[in-house]
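This is work.csv (CSV, C-alpha atoms).
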chain,number,residue,atom,x,y,z
G,20,MET,CA,-151.3,-21.4,-96.1
G,21,PRO,CA,-151.8,-19.1,-99.1
G,22,ASN,CA,-153.5,-20.8,-102.1
G,23,GLY,CA,-154.5,-23.6,-99.7
G,24,ALA,CA,-154.8,-26.2,-102.4
G,25,VAL,CA,-153.2,-29.3,-100.9
G,26,ALA,CA,-152.4,-32.0,-103.5
G,27,ALA,CA,-154.0,-35.3,-102.8
G,28,HIS,CA,-151.9,-38.4,-103.3
G,29,GLY,CA,-151.8,-39.5,-106.9
G,30,GLU,CA,-152.5,-36.1,-108.2
G,31,HIS,CA,-148.9,-35.3,-109.1
G,32,GLN,CA,-149.9,-33.3,-112.1
G,33,ASN,CA,-151.3,-30.7,-109.8
G,34,HIS,CA,-148.1,-29.6,-108.1
G,35,HIS,CA,-144.4,-29.0,-108.8
G,36,PRO,CA,-142.5,-32.3,-109.2
G,37,ALA,CA,-140.0,-31.3,-106.5
G,38,LEU,CA,-142.7,-30.8,-103.9
G,39,GLN,CA,-142.9,-33.6,-101.3
G,40,HIS,CA,-146.3,-34.5,-100.0
G,41,HIS,CA,-145.7,-33.7,-96.4
G,42,PHE,CA,-145.2,-30.0,-97.2
G,43,GLU,CA,-147.9,-27.6,-97.9
G,44,ASP,CA,-146.1,-25.8,-100.7
G,45,LEU,CA,-142.6,-25.3,-102.1
G,46,GLU,CA,-142.0,-22.3,-99.9
G,47,GLN,CA,-142.5,-24.3,-96.8
G,48,GLN,CA,-140.4,-27.1,-98.1
G,49,HIS,CA,-137.6,-24.6,-98.9
G,50,GLU,CA,-137.8,-23.1,-95.4
G,51,ALA,CA,-137.6,-26.5,-93.8
G,52,SER,CA,-134.6,-27.5,-95.9
G,53,THR,CA,-132.8,-24.2,-95.1
G,54,LEU,CA,-133.5,-24.7,-91.4
G,55,GLY,CA,-132.1,-28.2,-91.5
G,56,MET,CA,-128.9,-27.1,-93.3
G,57,TRP,CA,-128.4,-24.4,-90.7
G,58,LEU,CA,-128.9,-26.9,-87.8
G,59,PHE,CA,-126.1,-29.0,-89.5
G,60,LEU,CA,-124.0,-25.8,-89.7
G,61,VAL,CA,-124.5,-25.2,-85.9
G,62,THR,CA,-122.9,-28.6,-85.2
G,63,GLU,CA,-120.0,-27.6,-87.6
G,64,VAL,CA,-119.6,-24.3,-85.7
G,65,MET,CA,-119.2,-26.2,-82.5
G,66,PHE,CA,-116.8,-28.7,-84.1
G,67,PHE,CA,-114.4,-26.0,-85.4
G,68,GLY,CA,-115.1,-24.0,-82.2
G,69,GLY,CA,-113.7,-26.8,-80.1
G,70,LEU,CA,-110.5,-27.0,-82.2
G,71,ILE,CA,-110.1,-23.2,-82.1
G,72,LEU,CA,-110.6,-23.3,-78.3
G,73,ALA,CA,-107.7,-25.8,-78.1
G,74,TYR,CA,-105.6,-23.5,-80.2
G,75,THR,CA,-106.5,-20.6,-77.9
G,76,LEU,CA,-105.6,-22.4,-74.7
G,77,TYR,CA,-102.2,-23.6,-76.0
G,78,ARG,CA,-101.5,-20.1,-77.4
G,79,ILE,CA,-102.0,-18.7,-73.9
G,80,TRP,CA,-99.7,-21.3,-72.4
G,81,TYR,CA,-96.9,-21.1,-75.0
G,82,PRO,CA,-96.9,-17.6,-76.6
G,83,ALA,CA,-93.2,-17.8,-77.5
G,84,ALA,CA,-93.7,-21.1,-79.4
G,85,TRP,CA,-96.8,-19.7,-81.2
G,86,ALA,CA,-94.8,-16.7,-82.4
G,87,LEU,CA,-92.0,-19.0,-83.7
G,88,GLY,CA,-94.4,-21.4,-85.4
G,89,SER,CA,-96.6,-18.7,-86.9
G,90,GLU,CA,-93.5,-17.2,-88.5
G,91,GLU,CA,-92.8,-20.4,-90.3
G,92,LEU,CA,-96.0,-20.2,-92.3
G,93,ASN,CA,-95.9,-18.4,-95.6
G,94,ILE,CA,-98.0,-15.2,-95.3
G,95,TYR,CA,-98.1,-14.7,-99.1
G,96,LEU,CA,-99.5,-18.2,-99.8
G,97,GLY,CA,-102.0,-17.8,-96.9
G,98,GLY,CA,-103.1,-14.4,-98.1
G,99,PHE,CA,-103.4,-15.6,-101.7
G,100,ASN,CA,-105.6,-18.5,-100.5
G,101,THR,CA,-107.7,-16.1,-98.5
G,102,VAL,CA,-108.4,-14.0,-101.6
G,103,VAL,CA,-109.1,-17.1,-103.7
G,104,LEU,CA,-111.5,-18.5,-101.1
G,105,ILE,CA,-113.4,-15.2,-100.6
G,106,GLY,CA,-113.5,-14.9,-104.4
G,107,SER,CA,-115.0,-18.4,-104.6
G,108,SER,CA,-117.7,-17.3,-102.1
G,109,LEU,CA,-118.6,-14.4,-104.5
G,110,THR,CA,-118.9,-16.8,-107.4
G,111,MET,CA,-120.9,-19.2,-105.3
G,112,ALA,CA,-123.3,-16.4,-104.4
G,113,LEU,CA,-123.6,-15.5,-108.0
G,114,ALA,CA,-124.3,-19.1,-108.9
G,115,VAL,CA,-127.2,-19.2,-106.4
G,116,ARG,CA,-128.5,-15.9,-107.9
G,117,SER,CA,-128.3,-17.3,-111.4
G,118,ALA,CA,-130.3,-20.3,-110.2
G,119,GLN,CA,-132.9,-18.0,-108.6
G,120,THR,CA,-133.4,-16.1,-111.9
G,121,GLY,CA,-133.4,-19.3,-113.9
G,122,ALA,CA,-130.2,-18.6,-115.9
G,123,ARG,CA,-129.1,-22.2,-116.3
G,124,ARG,CA,-125.9,-21.7,-118.3
G,125,ALA,CA,-124.7,-18.9,-115.9
G,126,THR,CA,-125.5,-21.2,-112.9
G,127,VAL,CA,-123.3,-24.0,-114.3
G,128,GLY,CA,-120.6,-21.5,-115.3
G,129,TRP,CA,-120.4,-19.9,-111.8
G,130,LEU,CA,-120.4,-23.3,-110.2
G,131,LEU,CA,-117.5,-24.4,-112.3
G,132,PHE,CA,-115.7,-21.1,-111.6
G,133,THR,CA,-116.3,-21.7,-107.8
G,134,MET,CA,-114.9,-25.3,-108.1
G,135,SER,CA,-111.8,-24.1,-110.0
G,136,LEU,CA,-111.1,-21.6,-107.2
G,137,GLY,CA,-111.6,-24.3,-104.6
G,138,LEU,CA,-109.2,-26.5,-106.5
G,139,THR,CA,-106.7,-23.6,-106.6
G,140,PHE,CA,-106.9,-23.3,-102.9
G,141,LEU,CA,-106.3,-27.0,-102.4
G,142,VAL,CA,-103.3,-27.0,-104.8
G,143,VAL,CA,-101.7,-24.1,-102.9
G,144,LYS,CA,-102.4,-25.9,-99.6
G,145,PHE,CA,-100.7,-29.0,-101.1
G,146,PHE,CA,-97.5,-27.1,-101.7
G,147,GLU,CA,-97.6,-25.5,-98.3
G,148,TYR,CA,-97.9,-29.0,-96.7
G,149,LYS,CA,-95.2,-30.3,-99.0
G,150,GLU,CA,-92.8,-27.6,-97.7
G,151,LYS,CA,-93.7,-28.6,-94.1
G,152,PHE,CA,-92.8,-32.2,-94.8
G,153,GLU,CA,-89.5,-31.2,-96.4
G,154,LEU,CA,-88.5,-29.0,-93.4
G,155,ASN,CA,-89.5,-31.8,-90.9
G,156,HIS,CA,-92.1,-29.5,-89.4
G,157,VAL,CA,-94.7,-32.3,-89.4
G,158,PRO,CA,-95.5,-33.5,-85.8
G,159,GLY,CA,-94.3,-37.0,-85.1
G,160,PRO,CA,-91.0,-38.9,-84.7
G,161,ASN,CA,-89.3,-36.9,-87.5
G,162,PHE,CA,-90.2,-33.5,-86.1
G,163,ARG,CA,-87.2,-31.1,-86.1
G,164,PHE,CA,-87.2,-27.5,-84.8
G,165,GLU,CA,-84.2,-25.6,-83.4
G,166,GLY,CA,-84.3,-24.2,-79.9
G,167,ALA,CA,-85.7,-24.9,-76.5
G,168,GLU,CA,-89.3,-24.3,-77.6
G,169,SER,CA,-89.2,-27.2,-80.0
G,170,PRO,CA,-91.8,-29.4,-78.1
G,171,HIS,CA,-94.2,-26.5,-77.9
G,172,VAL,CA,-93.7,-25.5,-81.5
G,173,GLN,CA,-94.7,-29.2,-82.3
G,174,ILE,CA,-98.0,-28.6,-80.5
G,175,PHE,CA,-98.5,-25.5,-82.7
G,176,PHE,CA,-97.9,-27.5,-85.8
G,177,SER,CA,-100.2,-30.3,-84.5
G,178,LEU,CA,-103.0,-27.7,-84.3
G,179,TYR,CA,-102.0,-26.2,-87.6
G,180,PHE,CA,-102.4,-29.5,-89.4
G,181,ALA,CA,-105.5,-30.4,-87.5
G,182,LEU,CA,-107.3,-27.1,-88.2
G,183,THR,CA,-106.1,-26.7,-91.8
G,184,GLY,CA,-106.4,-30.5,-92.5
G,185,VAL,CA,-110.1,-30.7,-91.4
G,186,HIS,CA,-110.8,-27.4,-93.3
G,187,ALA,CA,-109.2,-28.9,-96.4
G,188,LEU,CA,-111.3,-32.0,-96.0
G,189,HIS,CA,-114.4,-29.8,-95.9
G,190,MET,CA,-113.1,-28.2,-99.1
G,191,VAL,CA,-112.8,-31.6,-100.8
G,192,ILE,CA,-116.3,-32.5,-99.7
G,193,GLY,CA,-117.6,-29.1,-100.9
G,194,PHE,CA,-115.9,-29.7,-104.3
G,195,VAL,CA,-117.6,-33.1,-104.7
G,196,LEU,CA,-120.9,-31.5,-103.6
G,197,LEU,CA,-120.6,-28.7,-106.2
G,198,SER,CA,-119.8,-31.1,-109.0
G,199,VAL,CA,-123.1,-33.0,-108.2
G,200,ILE,CA,-125.0,-29.7,-108.1
G,201,ALA,CA,-123.4,-28.5,-111.3
G,202,THR,CA,-124.4,-31.7,-113.0
G,203,MET,CA,-127.9,-31.3,-111.8
G,204,ALA,CA,-128.0,-27.7,-113.0
G,205,TYR,CA,-126.7,-28.8,-116.4
G,206,ARG,CA,-129.5,-31.4,-116.6
G,207,LYS,CA,-132.1,-28.7,-116.1
G,208,ARG,CA,-133.2,-29.9,-112.7
G,209,PHE,CA,-133.6,-26.4,-111.2
G,210,SER,CA,-135.9,-23.6,-111.9
G,211,PRO,CA,-136.8,-20.3,-110.2
G,212,GLU,CA,-139.5,-22.2,-108.4
G,213,TRP,CA,-137.1,-24.8,-107.0
G,214,TYR,CA,-133.4,-24.3,-106.6
G,215,THR,CA,-133.0,-25.5,-103.0
G,216,PRO,CA,-130.0,-27.8,-103.5
G,217,VAL,CA,-128.0,-24.9,-105.0
G,218,GLU,CA,-128.9,-22.6,-102.1
G,219,LEU,CA,-127.9,-25.3,-99.5
G,220,ALA,CA,-124.6,-26.1,-101.2
G,221,GLY,CA,-123.9,-22.4,-101.2
G,222,LEU,CA,-124.6,-22.2,-97.4
G,223,TYR,CA,-122.0,-25.1,-96.9
G,224,TRP,CA,-119.4,-23.4,-99.2
G,225,HIS,CA,-119.8,-20.0,-97.4
G,226,PHE,CA,-119.4,-21.7,-94.1
G,227,VAL,CA,-116.1,-23.3,-95.2
G,228,ASP,CA,-115.1,-19.8,-96.3
G,229,ILE,CA,-115.9,-18.4,-92.8
G,230,VAL,CA,-113.8,-21.0,-91.1
G,231,TRP,CA,-110.8,-19.9,-93.2
G,232,ILE,CA,-111.6,-16.2,-92.4
G,233,PHE,CA,-110.8,-17.2,-88.8
G,234,LEU,CA,-108.0,-19.6,-89.5
G,235,PHE,CA,-105.9,-17.2,-91.6
G,236,PRO,CA,-105.4,-14.5,-89.0
G,237,LEU,CA,-105.2,-17.0,-86.1
G,238,LEU,CA,-102.5,-19.2,-87.7
G,239,TYR,CA,-100.6,-16.9,-90.1
G,240,LEU,CA,-100.9,-13.4,-88.8
G,241,VAL,CA,-101.6,-12.8,-85.2
G,242,ASP,CA,-98.2,-13.5,-83.6
G,243,ARG,CA,-96.1,-12.1,-86.4
G,244,SER,CA,-95.5,-8.6,-85.2
G,245,HIS,CA,-94.2,-9.7,-81.8
G,246,ARG,CA,-91.2,-11.2,-83.4
G,247,ILE,CA,-90.1,-8.1,-85.3
G,248,VAL,CA,-89.1,-6.0,-82.3
O,16,MET,CA,-141.1,-19.7,-104.4
O,17,SER,CA,-140.4,-16.2,-103.3
O,18,GLY,CA,-136.7,-16.2,-102.2
O,19,HIS,CA,-135.1,-12.8,-102.0
O,20,ILE,CA,-132.9,-12.1,-105.0
O,21,SER,CA,-130.2,-9.6,-104.2
O,22,PRO,CA,-128.9,-7.4,-106.9
O,23,LYS,CA,-125.4,-8.3,-108.3
O,24,THR,CA,-124.0,-5.0,-107.0
O,25,THR,CA,-124.7,-6.1,-103.4
O,26,TYR,CA,-122.5,-9.2,-103.9
O,27,TYR,CA,-119.7,-7.1,-105.5
O,28,THR,CA,-119.9,-4.5,-102.8
O,29,ILE,CA,-119.7,-7.2,-100.0
O,30,PHE,CA,-116.8,-8.9,-101.9
O,31,GLY,CA,-115.0,-5.5,-102.0
O,32,ALA,CA,-115.6,-5.0,-98.3
O,33,LEU,CA,-114.2,-8.4,-97.5
O,34,MET,CA,-111.1,-7.8,-99.6
O,35,ALA,CA,-110.5,-4.4,-97.8
O,36,CYS,CA,-110.9,-6.2,-94.5
O,37,THR,CA,-108.4,-8.8,-95.5
O,38,ALA,CA,-105.9,-6.1,-96.5
O,39,LEU,CA,-106.5,-4.4,-93.2
O,40,THR,CA,-106.0,-7.5,-91.1
O,41,VAL,CA,-102.7,-8.4,-93.0
O,42,GLY,CA,-101.5,-4.8,-92.5
O,43,ALA,CA,-102.4,-4.8,-88.8
O,44,ALA,CA,-100.4,-8.1,-88.4
O,45,PHE,CA,-97.1,-6.2,-89.2
O,46,VAL,CA,-97.8,-3.5,-86.6
O,47,ASN,CA,-96.9,-4.4,-83.0
O,48,LEU,CA,-100.0,-3.5,-81.0
O,49,GLY,CA,-98.9,-5.6,-78.0
O,50,ASP,CA,-101.8,-7.4,-76.5
O,51,LEU,CA,-104.2,-5.7,-78.9
O,52,ASN,CA,-103.1,-7.7,-82.0
O,53,PHE,CA,-105.2,-10.7,-81.1
O,54,PRO,CA,-108.5,-8.7,-80.4
O,55,VAL,CA,-108.0,-6.6,-83.5
O,56,ALA,CA,-107.5,-9.6,-85.7
O,57,LEU,CA,-110.5,-11.4,-84.1
O,58,THR,CA,-112.7,-8.3,-84.5
O,59,ILE,CA,-112.0,-8.0,-88.2
O,60,ALA,CA,-112.6,-11.7,-88.7
O,61,ILE,CA,-115.9,-11.5,-86.8
O,62,PHE,CA,-116.9,-8.5,-89.0
O,63,LYS,CA,-116.0,-10.4,-92.2
O,64,ALA,CA,-117.9,-13.5,-91.0
O,65,THR,CA,-121.0,-11.4,-90.2
O,66,LEU,CA,-120.9,-9.9,-93.8
O,67,VAL,CA,-120.8,-13.4,-95.3
O,68,ILE,CA,-123.6,-14.7,-93.1
O,69,LEU,CA,-125.9,-11.8,-93.6
O,70,PHE,CA,-125.5,-11.2,-97.3
O,71,PHE,CA,-123.9,-14.3,-99.0
O,72,MET,CA,-125.8,-16.7,-96.9
O,73,HIS,CA,-129.0,-14.6,-97.1
O,74,VAL,CA,-129.7,-14.6,-93.3
O,75,LYS,CA,-130.6,-10.9,-93.6
O,76,TYR,CA,-133.6,-11.9,-95.7
O,77,GLY,CA,-134.3,-15.2,-93.9
O,78,SER,CA,-137.1,-16.1,-91.6
O,79,ARG,CA,-137.0,-15.4,-87.9
O,80,MET,CA,-136.6,-19.1,-87.3
O,81,THR,CA,-133.4,-19.2,-89.4
O,82,LYS,CA,-132.1,-16.1,-87.6
O,83,LEU,CA,-132.8,-17.8,-84.2
O,84,ILE,CA,-130.9,-21.0,-85.3
O,85,VAL,CA,-127.9,-18.9,-86.4
O,86,GLY,CA,-128.0,-17.0,-83.2
O,87,VAL,CA,-128.1,-20.2,-81.2
O,88,ALA,CA,-124.9,-21.4,-83.0
O,89,PHE,CA,-122.9,-18.4,-81.7
O,90,PHE,CA,-124.7,-18.4,-78.3
O,91,PHE,CA,-123.5,-22.0,-77.6
O,92,LEU,CA,-120.1,-21.2,-79.1
O,93,GLY,CA,-119.9,-18.3,-76.7
O,94,ILE,CA,-120.8,-20.6,-73.7
O,95,MET,CA,-118.2,-23.1,-74.7
O,96,LEU,CA,-115.4,-20.4,-75.1
O,97,THR,CA,-116.4,-18.3,-72.1
O,98,LEU,CA,-116.8,-21.1,-69.5
O,99,THR,CA,-113.7,-22.9,-70.6
O,100,LEU,CA,-111.5,-19.9,-70.7
O,101,SER,CA,-112.9,-18.5,-67.4
O,102,ASP,CA,-111.8,-21.8,-65.8
O,103,TYR,CA,-108.3,-21.9,-67.4
O,104,LEU,CA,-107.5,-18.2,-67.1
O,105,SER,CA,-108.6,-17.9,-63.5
O,106,ARG,CA,-106.7,-20.9,-62.1
O,107,GLY,CA,-103.8,-18.8,-60.7
O,108,TRP,CA,-106.1,-16.3,-59.0
O,109,PHE,CA,-106.9,-18.2,-55.8
O,110,THR,CA,-103.8,-20.1,-55.0
O,111,ALA,CA,-103.2,-21.6,-51.5
O,112,PRO,CA,-99.8,-21.0,-49.9
O,113,ASP,CA,-98.4,-24.4,-50.9
O,114,GLY,CA,-99.1,-23.6,-54.6
O,115,SER,CA,-102.1,-25.8,-54.9
O,116,THR,CA,-105.5,-24.7,-56.1
O,117,ALA,CA,-109.0,-25.8,-55.4
O,118,ALA,CA,-108.7,-27.8,-58.7
O,119,GLY,CA,-105.9,-29.8,-57.0
O,120,ALA,CA,-103.2,-28.8,-59.4
O,121,ILE,CA,-100.0,-26.6,-59.2
O,122,ILE,CA,-100.2,-23.5,-61.3
O,123,SER,CA,-97.5,-22.8,-63.8
O,124,LEU,CA,-98.0,-19.7,-65.9
O,125,SER,CA,-95.7,-21.1,-68.6
O,126,GLY,CA,-97.5,-24.4,-69.2
O,127,PRO,CA,-100.5,-26.6,-68.5
O,128,PRO,CA,-101.3,-27.6,-64.9
O,129,GLN,CA,-98.7,-30.0,-63.4
O,130,PRO,CA,-99.7,-32.9,-61.1
O,131,ILE,CA,-98.9,-32.3,-57.4
O,132,PRO,CA,-95.6,-33.8,-56.3
O,133,PRO,CA,-95.6,-36.2,-53.4
O,134,VAL,CA,-95.8,-34.3,-50.1
O,135,GLU,CA,-92.6,-34.2,-48.0
O,136,PRO,CA,-93.1,-35.6,-44.5
O,137,VAL,CA,-93.3,-32.6,-42.1
O,138,PRO,CA,-90.8,-32.7,-39.2
O,139,PRO,CA,-92.4,-32.7,-35.8
O,140,ALA,CA,-92.7,-29.2,-34.4
O,141,GLU,CA,-90.2,-28.1,-31.7
O,142,PRO,CA,-91.8,-27.4,-28.4
O,143,GLY,CA,-92.5,-23.7,-27.9
O,144,GLN,CA,-92.2,-22.9,-31.7
O,145,ASN,CA,-95.0,-20.9,-33.2
O,146,THR,CA,-97.2,-23.4,-34.9
O,147,SER,CA,-99.8,-21.1,-36.2
O,148,PRO,CA,-100.6,-21.5,-39.9
O,149,LYS,CA,-98.6,-19.4,-42.4
Hey, can you dump this file as structure tokens for me?
Amino acid sequence: MPNGAVAAHGEHQNHHPALQHHFEDLEQQHEASTLGMWLFLVTEVMFFGGLILAYTLYRIWYPAAWALGSEELNIYLGGFNTVVLIGSSLTMALAVRSAQTGARRATVGWLLFTMSLGLTFLVVKFFEYKEKFELNHVPGPNFRFEGAESPHVQIFFSLYFALTGVHALHMVIGFVLLSVIATMAYRKRFSPEWYTPVELAGLYWHFVDIVWIFLFPLLYLVDRSHRIV
Amino acid sequence: MSGHISPKTTYYTIFGALMACTALTVGAAFVNLGDLNFPVALTIAIFKATLVILFFMHVKYGSRMTKLIVGVAFFFLGIMLTLTLSDYLSRGWFTAPDGSTAAGAIISLSGPPQPIPPVEPVPPAEPGQNTSPK
């Protein structure tokens, strides 16, 4: 290790307060934390991957129902939410950058901006869900859909609610996470030497953004043109 | 700690690219490309995800260990998707004359595999009739 001075127990004044004793230095600690976060994200990739695989198989089996169901979704609200979420990834990246440069007020500001964009996404999602409830497009005993494809369209909406519901749950968790990180930033817990929690919360937030980058075309877009002709 | 600090312009450029790709994928959705709509939408989504992973999530500047773990995620995702789809998509390819497959299910292209109906009793063959397999 560079600067091989290993702090002995009890000599806390000799090292950064955030450094835990089983790490050589802050850089190694940051590297280990990042690796752990990525390992968690690997499990998340597999989790959403399994759901998207189920979506893909049923889409192969019931292409007509997928086109009908996809048309029921509001492309403008979906598109608006995509812009909002990618925008929130930008503000999150700028929040991490502010933490890296030690700009405390900017860090808190960008984090609050990110949270407000996340909240905007969830509010739009709420109104989309509300419309689905009013139209009886929610799978279950009250599901109504005209035509012979109705049972298969119900499968489409089951997967729509499963995918977007689990994604929205991740957004809620991310929102709570960012509120904790913003509070920590406000209380001057971070510095250019140690900002790992901001970085890891950013990784989580960007991951949730990536999930939506796939959900938006798969659910809202991909079968649309086949109904126009 | 010596984490890589990207200039702000990098983030704004990536954001602009992501917005352009979003507009592209929405536009492509209104053009009937036949079977190509799905791969085109997926390609754009994978490209957008790659931009986010490399620049917003700092993997481009990460250690080789981090890059390995990220690669592992998509390697295993690829195994799951490829093996599962190669099973389901190939089930109609080797169908026995009675409609059954090696997997013991009747293939229907319009729905999931159906269970095999009970076998009708075969009438005894007339003497002299050709009894060779179909």
Could you please tell me, as a PyMOL selection string, which residues of chain G have an atom within 6 Å of chain O when using all atoms listed in the file? chain G and resi 46+54+61+80+112+212+222+229+232-233+240-241+244
Non-local contacts of Arg206 of chain G (10 Å; only C-alpha atoms; under 4 positions in same chain excluded) as number ranges by chain: G: 123, 127, 200-202
Give me, as JSON, numbers by chain, all polymer residues having an atom no more than 10 Å from segment 158-161 of chain G, counting all atoms listed in the file and skipping those fewer than 5 positions away in the same chain. {"G": [151, 152, 170, 172, 173, 174, 175, 176, 177, 178, 179, 180]}
Residue with smallest distance to Lys207 of chain G - pool G:Val227, G:Ala86, G:Ala122, G:Leu188, counting all atoms listed in the file: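 The shortest atom-to-atom distance to Lys207 of chain G comes from G:Ala122.
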Can you pull out the residues contacting Val191 of chain G? Cut-off 10 Å, using all atoms listed in the file, and skip same-chain residues under 4 positions away; I want them as a ChimeraX atom specification. /G:134,137-138,141,185-187,195-197
Just give me the gap between atom CA of Ser108 of chain G and atom CA of Asp228 of chain G in Å, one decimal is fine. 6.8 Å
Give me, please, the distance in Å between atom CA of Glu50 of chain G and atom CA of Thr215 of chain G, quoted to one decimal. 9.3 Å
So what do you get for atom CA of Ala84 of chain G versus atom CA of Phe145 of chain G, distance-wise?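 Atom CA of Phe145 of chain G lies 24.1 Å from atom CA of Ala84 of chain G.
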Could you give me, as a list of chain:residue names, the residues that have an atom at most 12 Å away from the point (-123.2, -30.0, -89.4) in the coordinates of the file, using all atoms listed in the file?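 Using all atoms listed in the file, the matching residues come out as G:Leu54, G:Gly55, G:Met56, G:Trp57, G:Leu58, G:Phe59, G:Leu60, G:Val61, G:Thr62, G:Glu63, G:Val64, G:Met65, G:Phe66, G:Phe67, G:His189, G:Leu222, G:Tyr223, G:Phe226, G:Val227, O:Ala88.
Once all atoms listed in the file are considered, the residues situated within 9 Å of the file point (-92.5, -20.3, -99.2) turn out to be Glu91, Leu92, Asn93, Ile94, Tyr95, Leu96, Phe146, Glu147 and Glu150 of chain G.
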